[in-house]
Amino acid sequence: MARISVYNKEGKEAGTMELNDVVFGVTPKDRVIHQVYVALQANMREPWAHTKDRGEVRGGGKKPWKQKGTGRARHGSIRSPIWRGGGITFGPRNVRNFFQKINRKMNQTAVRMCLSGKVREEKLLVLESLESGGKTKLFADLRGALPGAGKSTLLLVAEGTDALNRATRNIPTVHMQRAIDVNVADLLEHQYVLTTKDGIAALESRLA
């Protein structure tokens, strides 16, 4: 099993702990991670762009001019797509569905690969415990004492608290997330992952 350093509340090494190789010792495969990441991004898309077809454009109920005798081309509505101000043909519609299915097994495998990558790059930081009392300065000082100070950090907790949320929400580079909810996008979009022994237990319980 892989061993990782454990830090105390002062940001100093206070020992080591073993990690489950089933979760933190997986060989990353870029294609799997990429496929899951793209699917997550697609599932967050909302089709805002919307154009009206000829049946939705207001007006045009009356025939512009009679069918014959004018010398002009025949038309039945001024809201035809070939008219200025008419309907749009094959334009974007807000009913488009971008959803991509992600198999549960593939999703969990990709999360394991990302966590294993963080361990391999020494960007997974584990604390003995985390008690901030709701003070941003205390947590900011702790993060500054740990490796990768100032880098984007994903804080994984077993259970979030109001005090911890208050302590981290005003730090631009830190984002808090429950360990059981973390996904590939969260892990890829942050350089460092900071958690506790309880957070590691929650991850292993979910993914092992």
# chains A, B, ... in the order shown; residues from 1 in each chain; ligands from 1
$ closest_atom_pairs --of "stretch 76-181 of chain A" --to "stretch 18-21 of chain A" --cutoff "10 Å" --atoms "only C-alpha atoms" --output "Markdown table"
| residue | atom | partner | partner_atom | distance |
| --- | --- | --- | --- | --- |
| A:Arg112 | CA | A:Asp21 | CA | 9.6 |
| A:Ser116 | CA | A:Asp21 | CA | 8.5 |
| A:Val119 | CA | A:Leu19 | CA | 9.5 |
$ select_by_dssp --residues "stretch 22-170 of chain A" --states "alpha helix (DSSP H)" --output "PyMOL selection string"
chain A and resi 22-24+30-43+104-120+136-145+162-168
$ closest_residue --among "A:Val111, A:Leu194, A:Val57, A:Ala49" --to "A:Glu128" --atoms "only C-alpha atoms"
A:Leu194
$ closest_residue --among "A:Val26, A:Val174, A:Glu131, A:Ala163" --to "A:Gly144" --atoms "only C-alpha atoms"
A:Val174
$ atom_distance --atom1 "atom CA of A:Gln108" --atom2 "atom CA of A:Gln177"
16.7 Å
$ residues_around --residues "A:Ile4" --least-positions-apart "4" --cutoff "9 Å" --atoms "only C-alpha atoms" --output "MDAnalysis selection string"
chainID A and resid 15:19 119 122 124:126
$ residues_around --residues "A:Thr173" --least-positions-apart "5" --cutoff "10 Å" --atoms "only C-alpha atoms" --output "list in words"
Ala149, Gly150, Lys151, Ser152, Thr153, Leu154, Thr168, His190 and Gln191 of chain A
$ residues_around --residues "A:Leu187" --least-positions-apart "4" --cutoff "9 Å" --atoms "only C-alpha atoms" --output "ChimeraX atom specification"
/A:111,114-115,118,154,182-183,191-193
$ select_by_dssp --residues "stretch 59-141 of chain A" --states "strand (DSSP E or B)" --output "PyMOL selection string"
chain A and resi 124-127
$ atom_distance --atom1 "atom CA of A:Tyr37" --atom2 "atom CA of A:Lys105"
14.3 Å
$ residues_around --residues "A:Gln41" --least-positions-apart "4" --cutoff "12 Å" --atoms "only C-alpha atoms" --output "tab-separated table (two decimals) with N, CA and C atoms, in the first residue's frame"
chain	number	residue	atom	x	y	z
A	34	HIS	N	-10.83	11.47	-19.88
A	34	HIS	CA	-11.33	12.46	-20.84
A	34	HIS	C	-12.79	12.20	-21.18
A	35	GLN	N	-13.15	10.96	-21.39
A	35	GLN	CA	-14.53	10.62	-21.75
A	35	GLN	C	-15.50	11.00	-20.64
A	36	VAL	N	-15.14	10.71	-19.40
A	36	VAL	CA	-16.01	11.05	-18.28
A	36	VAL	C	-16.09	12.56	-18.09
A	37	TYR	N	-14.95	13.25	-18.23
A	37	TYR	CA	-14.95	14.70	-18.07
A	37	TYR	C	-15.82	15.39	-19.11
A	45	ARG	N	-24.57	21.49	-19.65
A	45	ARG	CA	-24.97	22.48	-20.66
A	45	ARG	C	-26.48	22.71	-20.63
A	46	GLU	N	-26.86	23.95	-20.80
A	46	GLU	CA	-28.27	24.30	-20.91
A	46	GLU	C	-28.48	25.02	-22.25
A	98	PHE	N	-28.24	17.69	-24.55
A	98	PHE	CA	-26.81	17.41	-24.64
A	98	PHE	C	-26.39	16.25	-23.74
A	99	PHE	N	-27.33	15.61	-23.08
A	99	PHE	CA	-27.01	14.60	-22.06
A	99	PHE	C	-26.20	13.44	-22.64
A	100	GLN	N	-25.16	13.05	-21.91
A	100	GLN	CA	-24.38	11.87	-22.25
A	100	GLN	C	-24.38	10.93	-21.04
A	101	LYS	N	-24.70	9.68	-21.28
A	101	LYS	CA	-24.76	8.72	-20.19
A	101	LYS	C	-23.35	8.33	-19.74
A	102	ILE	N	-23.15	8.28	-18.43
A	102	ILE	CA	-21.88	7.82	-17.86
A	102	ILE	C	-22.16	6.56	-17.05
A	183	ASN	N	-16.29	14.49	-8.05
A	183	ASN	CA	-16.28	13.87	-9.37
A	183	ASN	C	-15.00	14.23	-10.11
A	184	VAL	N	-14.88	13.73	-11.32
A	184	VAL	CA	-13.67	13.92	-12.12
A	184	VAL	C	-13.41	15.40	-12.40
A	185	ALA	N	-14.47	16.14	-12.72
A	185	ALA	CA	-14.30	17.56	-13.03
A	185	ALA	C	-13.73	18.32	-11.83
A	186	ASP	N	-14.24	18.03	-10.63
A	186	ASP	CA	-13.73	18.69	-9.42
A	186	ASP	C	-12.23	18.43	-9.25
A	189	GLU	N	-9.99	20.17	-12.06
A	189	GLU	CA	-10.00	21.63	-12.08
A	189	GLU	C	-9.30	22.25	-10.87
$ atom_distance --atom1 "atom CA of A:Pro28" --atom2 "atom CA of A:Arg206"
18.7 Å
$ residues_around --residues "A:Glu10" --least-positions-apart "4" --cutoff "9 Å" --atoms "only C-alpha atoms" --output "MDAnalysis selection string"
chainID A and resid 141:142 145:146
$ write_last_selection --atoms "N, CA and C atoms" --output "mmCIF file, in the first residue's frame"
data_model
loop_
_atom_site.group_PDB
_atom_site.id
_atom_site.type_symbol
_atom_site.label_atom_id
_atom_site.label_comp_id
_atom_site.auth_asym_id
_atom_site.auth_seq_id
_atom_site.Cartn_x
_atom_site.Cartn_y
_atom_site.Cartn_z
ATOM 1 N N ASP A 141 -4.094 30.544 7.206
ATOM 2 C CA ASP A 141 -2.741 30.323 7.736
ATOM 3 C C ASP A 141 -2.343 28.863 7.614
ATOM 4 N N LEU A 142 -3.293 27.961 7.874
ATOM 5 C CA LEU A 142 -3.016 26.533 7.742
ATOM 6 C C LEU A 142 -2.699 26.178 6.297
ATOM 7 N N ALA A 145 0.727 27.177 5.233
ATOM 8 C CA ALA A 145 1.830 26.398 5.792
ATOM 9 C C ALA A 145 2.006 25.055 5.102
ATOM 10 N N LEU A 146 1.024 24.634 4.312
ATOM 11 C CA LEU A 146 1.073 23.340 3.633
ATOM 12 C C LEU A 146 1.700 23.485 2.253
#
